[in-house]
>>> print(open('structure32.cif').read())   # mmCIF, C-alpha atoms
data_data
loop_
_atom_site.label_atom_id
_atom_site.label_comp_id
_atom_site.auth_asym_id
_atom_site.auth_seq_id
_atom_site.Cartn_x
_atom_site.Cartn_y
_atom_site.Cartn_z
CA MET L 1 -40.07 -59.85 -53.54
CA LEU L 2 -43.19 -57.83 -52.69
CA PHE L 3 -43.18 -58.56 -48.98
CA PHE L 4 -39.40 -58.33 -48.73
CA SER L 5 -39.66 -54.79 -50.13
CA TYR L 6 -42.64 -54.05 -47.93
CA PHE L 7 -40.83 -55.07 -44.74
CA LYS L 8 -37.75 -53.07 -45.75
CA GLU L 9 -40.01 -50.00 -45.82
CA LEU L 10 -41.13 -50.87 -42.31
CA VAL L 11 -37.63 -50.86 -40.74
CA GLY L 12 -37.59 -48.75 -37.57
CA LYS L 13 -41.26 -49.31 -36.81
CA GLU L 14 -42.73 -51.28 -33.88
CA VAL L 15 -44.17 -54.66 -34.81
CA THR L 16 -45.35 -57.78 -33.00
CA VAL L 17 -44.23 -61.07 -34.49
CA GLU L 18 -46.40 -64.03 -33.59
CA LEU L 19 -44.69 -67.39 -34.03
CA LYS L 20 -46.09 -70.82 -34.81
CA ASN L 21 -45.32 -71.88 -31.23
CA ASP L 22 -47.70 -69.12 -29.99
CA LEU L 23 -44.82 -66.99 -28.70
CA ALA L 24 -45.41 -63.33 -29.51
CA ILE L 25 -42.43 -60.98 -29.57
CA ARG L 26 -42.76 -57.20 -29.80
CA GLY L 27 -39.91 -54.99 -30.87
CA THR L 28 -38.53 -52.49 -33.35
CA LEU L 29 -37.96 -53.94 -36.81
CA HIS L 30 -34.20 -53.80 -37.42
CA SER L 31 -33.86 -55.71 -40.68
CA VAL L 32 -35.31 -58.38 -42.95
CA ASP L 33 -33.94 -60.64 -45.70
CA GLN L 34 -35.32 -62.46 -48.74
CA TYR L 35 -36.44 -65.43 -46.59
CA LEU L 36 -38.36 -62.95 -44.46
CA ASN L 37 -36.09 -63.73 -41.53
CA ILE L 38 -36.57 -60.83 -39.14
CA LYS L 39 -34.32 -59.05 -36.67
CA LEU L 40 -35.96 -57.13 -33.84
CA GLU L 41 -34.46 -54.69 -31.33
CA ASN L 42 -35.66 -53.78 -27.83
CA THR L 43 -37.68 -56.95 -27.75
CA ARG L 44 -40.10 -58.13 -25.11
CA VAL L 45 -42.17 -61.28 -25.10
CA VAL L 46 -45.84 -60.27 -24.96
CA ASP L 47 -46.68 -62.84 -22.25
CA GLN L 48 -43.45 -62.71 -20.21
CA ASP L 49 -44.86 -64.41 -17.11
CA LYS L 50 -45.88 -67.42 -19.12
CA TYR L 51 -42.75 -67.47 -21.29
CA PRO L 52 -39.76 -66.07 -19.35
CA HIS L 53 -37.30 -67.84 -21.67
CA MET L 54 -36.13 -64.60 -23.27
CA LEU L 55 -35.99 -62.31 -20.23
CA SER L 56 -32.31 -61.51 -20.81
CA VAL L 57 -32.69 -60.99 -24.57
CA ARG L 58 -33.06 -57.46 -25.97
CA ASN L 59 -32.22 -58.13 -29.64
CA CYS L 60 -33.23 -61.20 -31.56
CA PHE L 61 -33.29 -62.96 -34.90
CA ILE L 62 -36.51 -64.75 -35.86
CA ARG L 63 -36.40 -67.39 -38.55
CA GLY L 64 -38.91 -66.53 -41.29
CA SER L 65 -40.24 -70.09 -41.45
CA VAL L 66 -41.60 -69.99 -37.88
CA VAL L 67 -43.55 -66.76 -38.32
CA ARG L 68 -47.33 -67.08 -38.29
CA TYR L 69 -48.28 -63.38 -38.25
CA VAL L 70 -46.70 -59.98 -38.10
CA LEU L 71 -49.00 -57.43 -36.47
CA LEU L 72 -48.25 -54.22 -38.35
CA PRO L 73 -48.49 -50.54 -37.57
CA GLN L 74 -51.48 -49.03 -39.36
CA ASP L 75 -49.52 -46.10 -40.73
CA GLY L 76 -47.14 -48.53 -42.45
CA VAL L 77 -47.48 -48.00 -46.18
CA ASP L 78 -50.04 -46.41 -48.48
CA ILE L 79 -52.68 -49.04 -49.30
CA ASP L 80 -53.00 -47.94 -52.96
CA ILE L 81 -49.27 -48.50 -53.41
CA LEU L 82 -49.71 -52.00 -51.93
CA HIS L 83 -52.53 -52.78 -54.38
CA ASP L 84 -50.49 -51.62 -57.37
CA ALA L 85 -47.44 -53.57 -56.24
CA THR L 86 -49.58 -56.68 -55.79
CA ARG L 87 -51.08 -56.39 -59.31
CA ARG L 88 -47.61 -55.89 -60.76
CA GLU L 89 -46.37 -58.98 -58.89
CA ALA L 90 -49.43 -61.00 -60.05
CA ARG L 91 -48.60 -60.20 -63.68
CA GLY L 92 -45.27 -61.92 -63.05
CA GLY L 93 -43.14 -58.99 -61.96
CA MET S 1 -27.64 -61.75 -53.40
CA ALA S 2 -25.90 -59.18 -51.27
CA SER S 3 -28.13 -57.41 -48.80
CA ALA S 4 -27.85 -55.88 -45.37
CA GLY S 5 -30.25 -58.54 -44.14
CA PRO S 6 -30.57 -59.86 -40.63
CA GLY S 7 -27.48 -62.04 -40.70
CA LEU S 8 -25.94 -63.34 -37.51
CA GLU S 9 -22.50 -61.71 -38.12
CA SER S 10 -23.00 -59.25 -35.28
CA LEU S 11 -23.62 -62.11 -32.83
CA VAL S 12 -20.46 -64.13 -33.53
CA ASP S 13 -18.43 -64.81 -30.34
CA GLN S 14 -21.33 -63.52 -28.28
CA ILE S 15 -23.55 -65.52 -25.95
CA ILE S 16 -26.84 -66.32 -27.63
CA SER S 17 -30.03 -68.01 -26.55
CA VAL S 18 -31.66 -70.29 -29.08
CA ILE S 19 -35.26 -71.47 -29.01
CA THR S 20 -35.67 -74.63 -31.05
CA ASN S 21 -38.79 -75.78 -32.88
CA ASP S 22 -39.37 -78.49 -30.28
CA GLY S 23 -39.46 -75.88 -27.53
CA ARG S 24 -36.00 -76.24 -26.03
CA ASN S 25 -33.83 -73.33 -24.94
CA ILE S 26 -30.09 -73.63 -25.58
CA VAL S 27 -27.58 -70.99 -24.46
CA GLY S 28 -24.01 -70.80 -25.72
CA THR S 29 -21.38 -68.83 -27.63
CA LEU S 30 -22.05 -68.44 -31.36
CA ARG S 31 -18.98 -69.56 -33.32
CA GLY S 32 -20.41 -69.81 -36.82
CA PHE S 33 -23.49 -69.89 -39.01
CA ASP S 34 -24.53 -70.14 -42.66
CA GLN S 35 -27.30 -69.07 -45.06
CA ALA S 36 -29.66 -71.77 -43.80
CA THR S 37 -29.24 -70.56 -40.17
CA ASN S 38 -27.30 -73.70 -39.26
CA ILE S 39 -25.28 -72.61 -36.25
CA ILE S 40 -22.25 -73.71 -34.25
CA LEU S 41 -22.52 -73.16 -30.51
CA ASP S 42 -19.56 -73.45 -28.16
CA GLU S 43 -19.71 -74.10 -24.40
CA SER S 44 -23.43 -74.50 -24.67
CA HIS S 45 -26.00 -75.64 -22.14
CA GLU S 46 -29.70 -76.33 -22.25
CA ARG S 47 -31.97 -74.52 -19.81
CA VAL S 48 -34.65 -76.92 -18.76
CA TYR S 49 -37.66 -75.09 -17.39
CA SER S 50 -39.33 -77.54 -15.08
CA THR S 51 -43.01 -77.82 -14.38
CA ARG S 52 -42.29 -80.44 -11.74
CA TYR S 53 -42.24 -80.02 -7.98
CA VAL S 54 -39.80 -81.44 -5.45
CA LEU S 55 -40.73 -82.46 -1.92
CA ILE S 56 -39.38 -80.10 0.76
CA ASN S 57 -41.70 -80.69 3.73
CA CYS S 58 -41.83 -84.48 4.07
CA ASP S 59 -43.11 -84.57 7.65
CA LEU S 60 -46.22 -82.51 6.87
CA LEU S 61 -47.33 -84.60 3.92
CA PRO S 62 -48.84 -87.75 5.54
CA GLY S 63 -51.14 -85.74 7.80
CA LEU S 64 -52.29 -83.51 5.00
CA LEU S 65 -52.84 -86.39 2.63
CA SER S 66 -54.99 -88.32 5.11
CA ASN S 67 -57.05 -85.17 5.62
CA ALA S 68 -57.40 -84.90 1.86
CA LEU S 69 -58.56 -88.52 1.69
CA ILE S 70 -61.17 -88.00 4.38
CA GLY S 71 -62.16 -84.82 2.57
CA SER S 72 -62.74 -86.68 -0.65
CA LEU S 73 -65.10 -89.07 1.17
CA VAL S 74 -67.29 -86.40 2.70
CA GLN S 75 -67.02 -83.61 0.14
CA ASN S 76 -67.35 -83.49 -3.57
CA SER S 77 -64.24 -84.23 -5.58
CA ALA S 78 -63.84 -80.71 -6.92
CA ILE S 79 -63.18 -79.32 -3.45
CA SER S 80 -60.84 -82.14 -2.46
CA ASN S 81 -58.90 -81.62 -5.70
CA LYS S 82 -58.35 -78.02 -4.69
CA PHE S 83 -57.28 -79.16 -1.23
CA LEU S 84 -54.84 -81.65 -2.71
CA SER S 85 -53.19 -79.04 -4.87
CA TRP S 86 -52.93 -76.78 -1.81
CA CYS S 87 -51.19 -79.63 0.07
CA LEU S 88 -48.72 -79.93 -2.78
CA LYS S 89 -48.00 -76.22 -2.60
CA VAL S 90 -47.28 -76.43 1.12
CA CYS S 91 -45.02 -79.47 0.94
CA CYS S 92 -43.26 -78.94 -2.34
CA GLN S 93 -41.21 -76.35 -4.10
CA HIS S 94 -40.79 -75.70 -7.75
CA GLU S 95 -37.57 -77.16 -9.13
CA GLY S 96 -36.49 -74.04 -10.98
CA VAL S 97 -34.34 -74.07 -14.09
CA GLN S 98 -31.90 -76.95 -14.55
CA GLN S 99 -28.79 -76.31 -16.64
CA LEU S 100 -27.72 -79.25 -18.74
CA VAL S 101 -24.17 -79.07 -20.13
CA LEU S 102 -24.02 -79.75 -23.88
CA GLY S 103 -20.62 -78.36 -24.94
CA LEU S 104 -19.93 -77.92 -28.65
CA TYR S 105 -23.19 -78.15 -30.55
CA ILE S 106 -24.34 -77.76 -34.13
CA ILE S 107 -28.00 -76.91 -34.57
CA ARG S 108 -29.62 -77.35 -37.95
CA GLY S 109 -31.34 -74.20 -39.16
CA ASP S 110 -34.62 -75.95 -39.92
CA ASN S 111 -35.03 -76.57 -36.19
CA ILE S 112 -34.37 -73.01 -35.04
CA SER S 113 -37.17 -70.63 -34.11
CA VAL S 114 -35.42 -67.70 -32.46
CA VAL S 115 -31.82 -66.63 -31.87
CA GLY S 116 -31.57 -64.04 -29.11
CA GLU S 117 -28.54 -61.97 -28.12
CA VAL S 118 -28.06 -62.54 -24.37
CA ASP S 119 -27.53 -59.39 -22.35
CA GLU S 120 -25.05 -60.82 -19.83
CA GLU S 121 -25.86 -58.23 -17.20
CA LEU S 122 -29.58 -58.97 -17.37
CA ASP S 123 -28.85 -62.69 -17.46
CA ALA S 124 -26.72 -62.53 -14.31
CA ARG S 125 -29.61 -60.87 -12.51
CA LEU S 126 -32.04 -63.72 -13.31
CA ASP S 127 -32.86 -65.97 -10.38
CA LEU S 128 -33.00 -69.24 -12.30
CA SER S 129 -33.82 -71.27 -9.18
CA ASN S 130 -37.09 -69.37 -8.86
CA LEU S 131 -38.06 -69.11 -12.49
CA ARG S 132 -40.93 -71.17 -13.81
CA ALA S 133 -42.39 -71.29 -17.28
CA HIS S 134 -45.16 -72.77 -19.31
CA PRO S 135 -43.65 -75.30 -21.68
CA LEU S 136 -43.10 -73.79 -25.11
CA LYS S 137 -45.26 -75.43 -27.73
CA PRO S 138 -43.52 -77.14 -30.61
CA VAL S 139 -43.61 -75.35 -33.96
CA ILE S 140 -45.94 -77.13 -36.35
CA HIS S 141 -45.33 -76.28 -39.98
CA MET Z 1 -56.55 -45.75 -83.02
CA ALA Z 2 -58.45 -48.98 -83.39
CA ALA Z 3 -55.34 -50.93 -82.50
CA ALA Z 4 -54.91 -48.92 -79.29
CA ALA Z 5 -58.53 -49.55 -78.35
CA ALA Z 6 -58.11 -53.25 -79.04
CA ALA Z 7 -54.99 -53.34 -76.87
CA ALA Z 8 -56.79 -51.56 -74.05
CA ALA Z 9 -59.70 -53.99 -74.36
CA ALA Z 10 -57.27 -56.90 -74.29
CA ALA Z 11 -55.62 -55.48 -71.18
CA ALA Z 12 -59.03 -55.06 -69.53
CA GLU Z 13 -59.90 -58.62 -70.57
CA GLU Z 14 -56.69 -59.82 -68.96
CA GLU Z 15 -57.59 -58.04 -65.72
CA ILE Z 16 -60.88 -59.96 -65.52
CA ALA Z 17 -59.86 -63.32 -66.99
CA VAL Z 18 -59.64 -66.21 -64.54
CA LYS Z 19 -57.21 -68.77 -65.89
CA GLU Z 20 -55.53 -69.99 -62.73
CA PRO Z 21 -56.42 -70.08 -59.01
CA LEU Z 22 -54.42 -67.00 -58.10
CA ASP Z 23 -56.44 -64.93 -60.60
CA LEU Z 24 -59.43 -65.44 -58.35
CA ILE Z 25 -57.47 -63.97 -55.48
CA ARG Z 26 -56.40 -61.02 -57.63
CA LEU Z 27 -60.07 -60.23 -58.18
CA SER Z 28 -60.55 -60.18 -54.40
CA LEU Z 29 -58.05 -57.35 -53.87
CA ASP Z 30 -59.54 -54.65 -51.66
CA GLU Z 31 -62.45 -56.96 -50.78
CA ARG Z 32 -63.16 -58.79 -47.54
CA ILE Z 33 -62.11 -62.42 -47.79
CA TYR Z 34 -62.20 -65.52 -45.63
CA VAL Z 35 -58.95 -67.38 -44.93
CA LYS Z 36 -58.70 -70.76 -43.23
CA LEU Z 37 -55.35 -71.42 -41.60
CA ARG Z 38 -53.56 -74.29 -39.94
CA SER Z 39 -53.90 -74.82 -36.19
CA ASP Z 40 -57.67 -74.19 -36.27
CA ARG Z 41 -57.54 -70.52 -37.12
CA GLU Z 42 -59.82 -68.51 -39.37
CA LEU Z 43 -59.47 -64.94 -40.56
CA ARG Z 44 -61.86 -62.49 -42.12
CA GLY Z 45 -60.43 -59.26 -43.43
CA LYS Z 46 -59.83 -56.92 -46.34
CA LEU Z 47 -57.16 -58.17 -48.74
CA HIS Z 48 -54.53 -55.50 -49.36
CA ALA Z 49 -51.65 -57.56 -50.78
CA TYR Z 50 -50.62 -61.11 -51.59
CA ASP Z 51 -47.91 -63.01 -53.47
CA GLN Z 52 -47.47 -66.43 -55.08
CA HIS Z 53 -46.82 -68.09 -51.68
CA LEU Z 54 -50.14 -66.71 -50.43
CA ASN Z 55 -48.34 -64.44 -48.01
CA MET Z 56 -50.94 -61.75 -47.41
CA ILE Z 57 -51.61 -58.41 -45.81
CA LEU Z 58 -55.12 -58.06 -44.43
CA GLY Z 59 -56.85 -55.06 -42.89
CA ASP Z 60 -59.52 -54.92 -40.14
CA VAL Z 61 -59.03 -58.60 -39.42
CA GLU Z 62 -61.18 -60.76 -37.21
CA GLU Z 63 -59.34 -63.89 -36.09
CA ILE Z 64 -61.20 -66.88 -34.69
CA VAL Z 65 -59.22 -69.60 -32.92
CA THR Z 66 -60.99 -72.85 -32.07
CA THR Z 67 -59.65 -74.92 -29.18
CA VAL Z 68 -60.87 -78.19 -27.74
CA GLU Z 69 -60.34 -78.96 -24.07
CA ILE Z 70 -61.21 -82.11 -22.17
CA ASP Z 71 -63.11 -81.53 -18.94
CA ASP Z 72 -61.14 -82.95 -15.97
CA GLU Z 73 -64.13 -84.66 -14.40
CA THR Z 74 -66.66 -85.48 -17.07
CA TYR Z 75 -64.09 -86.04 -19.86
CA GLU Z 76 -66.42 -84.10 -22.14
CA GLU Z 77 -64.96 -82.15 -25.02
CA ILE Z 78 -65.39 -78.43 -24.55
CA VAL Z 79 -65.10 -76.48 -27.80
CA ARG Z 80 -64.10 -72.85 -27.31
CA THR Z 81 -63.70 -70.12 -29.87
CA THR Z 82 -61.59 -67.06 -29.14
CA LYS Z 83 -62.09 -63.94 -31.21
CA ARG Z 84 -59.76 -60.98 -31.58
CA THR Z 85 -59.48 -58.11 -34.00
CA ILE Z 86 -56.24 -56.92 -35.55
CA PRO Z 87 -56.13 -53.65 -37.54
CA PHE Z 88 -53.35 -54.57 -39.95
CA LEU Z 89 -51.85 -58.02 -40.31
CA PHE Z 90 -49.21 -59.87 -42.33
CA VAL Z 91 -50.02 -63.58 -42.68
CA ARG Z 92 -47.31 -66.04 -43.74
CA GLY Z 93 -48.51 -68.10 -46.68
CA ASP Z 94 -47.34 -71.50 -45.47
CA GLY Z 95 -50.15 -71.59 -42.91
CA VAL Z 96 -52.91 -70.92 -45.42
CA ILE Z 97 -55.31 -73.79 -46.15
CA LEU Z 98 -57.94 -71.99 -48.21
CA VAL Z 99 -58.93 -68.55 -49.36
CA SER Z 100 -62.52 -67.74 -50.17
CA PRO Z 101 -63.52 -64.65 -52.15
CA PRO Z 102 -66.28 -62.41 -50.80
CA LEU Z 103 -69.84 -63.66 -51.10
CA ARG Z 104 -71.47 -61.69 -53.89
CA THR Z 105 -75.05 -60.98 -52.94
CA ALA Z 106 -77.31 -59.28 -55.44
#
>>> encode(input="structure32.cif", output="structure tokens")
Amino acid sequence: MLFFSYFKELVGKEVTVELKNDLAIRGTLHSVDQYLNIKLENTRVVDQDKYPHMLSVRNCFIRGSVVRYVLLPQDGVDIDILHDATRREARGG
Amino acid sequence: MASAGPGLESLVDQIISVITNDGRNIVGTLRGFDQATNIILDESHERVYSTRYVLINCDLLPGLLSNALIGSLVQNSAISNKFLSWCLKVCCQHEGVQQLVLGLYIIRGDNISVVGEVDEELDARLDLSNLRAHPLKPVIH
Amino acid sequence: MAAAAAAAAAAAEEEIAVKEPLDLIRLSLDERIYVKLRSDRELRGKLHAYDQHLNMILGDVEEIVTTVEIDDETYEEIVRTTKRTIPFLFVRGDGVILVSPPLRTA
């Protein structure tokens, strides 16, 4: 649940989601669910010339299972809070 | 578990563009979906982004090719390779995007990478005959 | 009083004890770690968060991607590594092959 909660805190922020097929999509985080499926708004593919497949898409749903990375804003969440939440989760929270 | 997660409710009866794990792009109207992201698409078609070329200038080709052959005899192969690809550019044109009619389609969630909401206005403005793309890599889990 | 001290000591003990693999990762929190991923990727970065799937958040990450190309003419394998740095990164756990704690030098 840790990362589900973390991403919920991040709603409204700009992120770049890099997929396992090397496609990278940048957009505003709209929502997330327990599978870490992600919905982005105002999306653009980072390398549009190479991958023009989503030129007419502004909002999209990304299946959690195909995510490799999410590049996060640095002012996301307090790091100490992250550490505490992680320790709590490790204890079987 | 009830949550305001990123369900696909808001996209029902809208035109969506799906990218599958094997790198295909399918466009159609979303009629239904479930928890596992299995989806029902109506009036769907696949957009096949070609990397192939079609011949448009047949009469120029023999002359150019014989020049390329002579070139490969007198010059090193790297230069003649470049010349050959230039010949191809002169005589051929990119095929553009082919639209393959699929109709009513059910796509299993496990094979879905991205579901995009198609902005019909933007989509109408695309010149599909002049659009080329690198092939999308398959998703490897 | 003594009981409270014993409980605190037990809690401290529990913080340090390594009974299962993930305990080793807990001890690496806030330390720079090495992560090997699928598709020939490696990461080095500071571990800020993780869960039981090995989903992670890393800070000041250096990513190294190794690619092998075949030369058109000589058919030789050309190994290339591409480096990039990412300030703050979420990594999905299903791609993780191994996690190595920081090297402790004296």
>>> residues_around(input="structure32.cif", residues="Asp78 (chain L)", least_positions_apart="4", cutoff="12 Å", atoms="only C-alpha atoms", output="list in words")
Tyr6, Glu9, Leu10, Pro73, Gln74, Leu82, His83, Asp84 and Ala85 of chain L; His48 and Ala49 of chain Z
>>> residues_around(input="structure32.cif", residues="region 13-15 of chain L", least_positions_apart="2", cutoff="9 Å", atoms="all atoms listed in the file", output="PDB file with C-alpha atoms, keeping the file's coordinate frame")
ATOM      1  CA  LEU L  10     -41.130 -50.870 -42.310  1.00  0.00           C
ATOM      2  CA  VAL L  11     -37.630 -50.860 -40.740  1.00  0.00           C
ATOM      3  CA  VAL L  17     -44.230 -61.070 -34.490  1.00  0.00           C
ATOM      4  CA  ILE L  25     -42.430 -60.980 -29.570  1.00  0.00           C
ATOM      5  CA  ARG L  26     -42.760 -57.200 -29.800  1.00  0.00           C
ATOM      6  CA  GLY L  27     -39.910 -54.990 -30.870  1.00  0.00           C
ATOM      7  CA  THR L  28     -38.530 -52.490 -33.350  1.00  0.00           C
ATOM      8  CA  LEU L  29     -37.960 -53.940 -36.810  1.00  0.00           C
ATOM      9  CA  HIS L  30     -34.200 -53.800 -37.420  1.00  0.00           C
ATOM     10  CA  LEU L  40     -35.960 -57.130 -33.840  1.00  0.00           C
ATOM     11  CA  VAL L  70     -46.700 -59.980 -38.100  1.00  0.00           C
ATOM     12  CA  LEU L  71     -49.000 -57.430 -36.470  1.00  0.00           C
ATOM     13  CA  LEU L  72     -48.250 -54.220 -38.350  1.00  0.00           C
ATOM     14  CA  PRO L  73     -48.490 -50.540 -37.570  1.00  0.00           C
ATOM     15  CA  GLY L  76     -47.140 -48.530 -42.450  1.00  0.00           C
TER      16      GLY L  76
END
>>> atom_distance(input="structure32.cif", atom1="CA of Pro102 (chain Z)", atom2="CA of Leu58 (chain Z)")
13.6 Å
>>> atom_distance(input="structure32.cif", atom1="CA of Arg132 (chain S)", atom2="CA of Thr20 (chain S)")
18.4 Å
>>> closest_atom_pairs(input="structure32.cif", of="chain S", to="chain L", cutoff="6 Å", atoms="only C-alpha atoms", output="tab-separated table")
residue	atom	partner	partner_atom	distance
S:Gly5	CA	L:Asp33	CA	4.5
S:Pro6	CA	L:Ser31	CA	5.3
S:Ser113	CA	L:Arg63	CA	5.6
S:Val114	CA	L:Ile62	CA	4.6
S:Val115	CA	L:Phe61	CA	5.0
S:Gly116	CA	L:Cys60	CA	4.1
S:Glu117	CA	L:Asn59	CA	5.5
S:Val118	CA	L:Val57	CA	4.9
S:Asp119	CA	L:Ser56	CA	5.5
S:Leu122	CA	L:Ser56	CA	5.1
S:Asp123	CA	L:Ser56	CA	5.0
S:Ala133	CA	L:Lys50	CA	5.5
S:His134	CA	L:Lys50	CA	5.4
S:Lys137	CA	L:Asn21	CA	5.0
S:Pro138	CA	L:Asn21	CA	5.6
S:Val139	CA	L:Asn21	CA	4.7
>>> resolve_selection(input="structure32.cif", expression="the PyMOL selection byres ((chain L and resi 90) around 9)", output="PyMOL selection string")
(chain L and resi 85-89+91-93) or (chain Z and resi 22-23+26+50-52)
>>> resolve_selection(input="structure32.cif", expression="the PyMOL selection byres ((chain S and resi 108) around 12)", output="VMD selection string")
chain S and resid 18 20 to 21 32 to 41 105 to 107 109 to 113
>>> write_last_selection(input="structure32.cif", atoms="C-alpha atoms", output="PDB file, in the frame of the given file")
ATOM      1  CA  VAL S  18     -31.660 -70.290 -29.080  1.00  0.00           C
ATOM      2  CA  THR S  20     -35.670 -74.630 -31.050  1.00  0.00           C
ATOM      3  CA  ASN S  21     -38.790 -75.780 -32.880  1.00  0.00           C
ATOM      4  CA  GLY S  32     -20.410 -69.810 -36.820  1.00  0.00           C
ATOM      5  CA  PHE S  33     -23.490 -69.890 -39.010  1.00  0.00           C
ATOM      6  CA  ASP S  34     -24.530 -70.140 -42.660  1.00  0.00           C
ATOM      7  CA  GLN S  35     -27.300 -69.070 -45.060  1.00  0.00           C
ATOM      8  CA  ALA S  36     -29.660 -71.770 -43.800  1.00  0.00           C
ATOM      9  CA  THR S  37     -29.240 -70.560 -40.170  1.00  0.00           C
ATOM     10  CA  ASN S  38     -27.300 -73.700 -39.260  1.00  0.00           C
ATOM     11  CA  ILE S  39     -25.280 -72.610 -36.250  1.00  0.00           C
ATOM     12  CA  ILE S  40     -22.250 -73.710 -34.250  1.00  0.00           C
ATOM     13  CA  LEU S  41     -22.520 -73.160 -30.510  1.00  0.00           C
ATOM     14  CA  TYR S 105     -23.190 -78.150 -30.550  1.00  0.00           C
ATOM     15  CA  ILE S 106     -24.340 -77.760 -34.130  1.00  0.00           C
ATOM     16  CA  ILE S 107     -28.000 -76.910 -34.570  1.00  0.00           C
ATOM     17  CA  GLY S 109     -31.340 -74.200 -39.160  1.00  0.00           C
ATOM     18  CA  ASP S 110     -34.620 -75.950 -39.920  1.00  0.00           C
ATOM     19  CA  ASN S 111     -35.030 -76.570 -36.190  1.00  0.00           C
ATOM     20  CA  ILE S 112     -34.370 -73.010 -35.040  1.00  0.00           C
ATOM     21  CA  SER S 113     -37.170 -70.630 -34.110  1.00  0.00           C
TER      22      SER S 113
END
>>> residues_around(input="structure32.cif", residues="Gln98 (chain S)", least_positions_apart="4", cutoff="12 Å", atoms="all atoms listed in the file", output="VMD selection string")
chain S and resid 25 to 26 45 to 52 94 127 to 132
>>> atom_distance(input="structure32.cif", atom1="CA of Val101 (chain S)", atom2="CA of Asp22 (chain S)")
18.3 Å
>>> interface_residues(input="structure32.cif", of="chain Z", to="chain S", cutoff="10 Å", atoms="only C-alpha atoms", output="VMD selection string")
chain Z and resid 38 to 39 72 to 73 94 to 95
>>> closest_atom_pairs(input="structure32.cif", of="chain Z", to="chain L", cutoff="6 Å", atoms="all atoms listed in the file", output="JSON lines")
{"residue": "Z:Ala49", "atom": "CA", "partner": "L:Thr86", "partner_atom": "CA", "distance": 5.5}
{"residue": "Z:Phe88", "atom": "CA", "partner": "L:Leu72", "partner_atom": "CA", "distance": 5.4}
{"residue": "Z:Leu89", "atom": "CA", "partner": "L:Leu71", "partner_atom": "CA", "distance": 4.8}
{"residue": "Z:Phe90", "atom": "CA", "partner": "L:Val70", "partner_atom": "CA", "distance": 4.9}
{"residue": "Z:Val91", "atom": "CA", "partner": "L:Tyr69", "partner_atom": "CA", "distance": 4.8}
{"residue": "Z:Arg92", "atom": "CA", "partner": "L:Arg68", "partner_atom": "CA", "distance": 5.5}
>>> residues_near_point(input="structure32.cif", point="(-60.9, -56.0, -44.0)", cutoff="7 Å", atoms="only C-alpha atoms", output="list in words")
Arg32, Arg44, Gly45, Lys46, Leu47, Leu58, Gly59, Asp60 and Val61 of chain Z
>>> residues_around(input="structure32.cif", residues="Val12 (chain S)", least_positions_apart="5", cutoff="8 Å", atoms="all atoms listed in the file", output="list in words")
Thr29, Leu30, Arg31 and Gly32 of chain S
>>> closest_residue(input="structure32.cif", among="Z:Asn55, Z:Glu69, Z:Thr85, Z:Ile78", to="Glu42 (chain Z)", atoms="all atoms listed in the file")
Z:Thr85
>>> closest_residue(input="structure32.cif", among="Z:Asp30, Z:Glu76, Z:Glu20, Z:Asp71", to="Pro101 (chain Z)", atoms="all atoms listed in the file")
Z:Asp30
>>> decode(input="structure32.cif", residues="region 49-80 of chain L", atoms="C-alpha atoms", output="CSV table (one decimal), in the first residue's frame")
chain,number,residue,atom,x,y,z
L,49,ASP,CA,9.2,11.8,-33.9
L,50,LYS,CA,10.2,8.2,-33.2
L,51,TYR,CA,6.9,7.1,-31.7
L,52,PRO,CA,4.0,9.2,-33.3
L,53,HIS,CA,1.5,6.5,-32.3
L,54,MET,CA,-0.1,8.7,-29.6
L,55,LEU,CA,-0.1,12.1,-31.4
L,56,SER,CA,-3.9,12.5,-31.0
L,57,VAL,CA,-4.0,11.3,-27.4
L,58,ARG,CA,-4.1,13.9,-24.6
L,59,ASN,CA,-5.2,11.7,-21.7
L,60,CYS,CA,-4.2,8.1,-21.2
L,61,PHE,CA,-4.4,5.1,-18.9
L,62,ILE,CA,-1.2,3.1,-18.4
L,63,ARG,CA,-1.3,-0.4,-17.1
L,64,GLY,CA,0.8,-0.8,-14.0
L,65,SER,CA,2.4,-4.0,-15.1
L,66,VAL,CA,4.1,-2.3,-18.1
L,67,VAL,CA,5.7,0.4,-16.1
L,68,ARG,CA,9.5,0.3,-15.7
L,69,TYR,CA,10.1,3.6,-14.1
L,70,VAL,CA,8.3,6.7,-13.0
L,71,LEU,CA,10.6,9.8,-13.0
L,72,LEU,CA,9.3,11.8,-10.1
L,73,PRO,CA,9.4,15.5,-9.2
L,74,GLN,CA,12.0,16.2,-6.5
L,75,ASP,CA,9.7,18.2,-4.3
L,76,GLY,CA,7.3,15.2,-4.1
L,77,VAL,CA,7.2,14.0,-0.5
L,78,ASP,CA,9.3,14.6,2.6
L,79,ILE,CA,12.1,11.9,2.5
L,80,ASP,CA,11.9,11.3,6.3
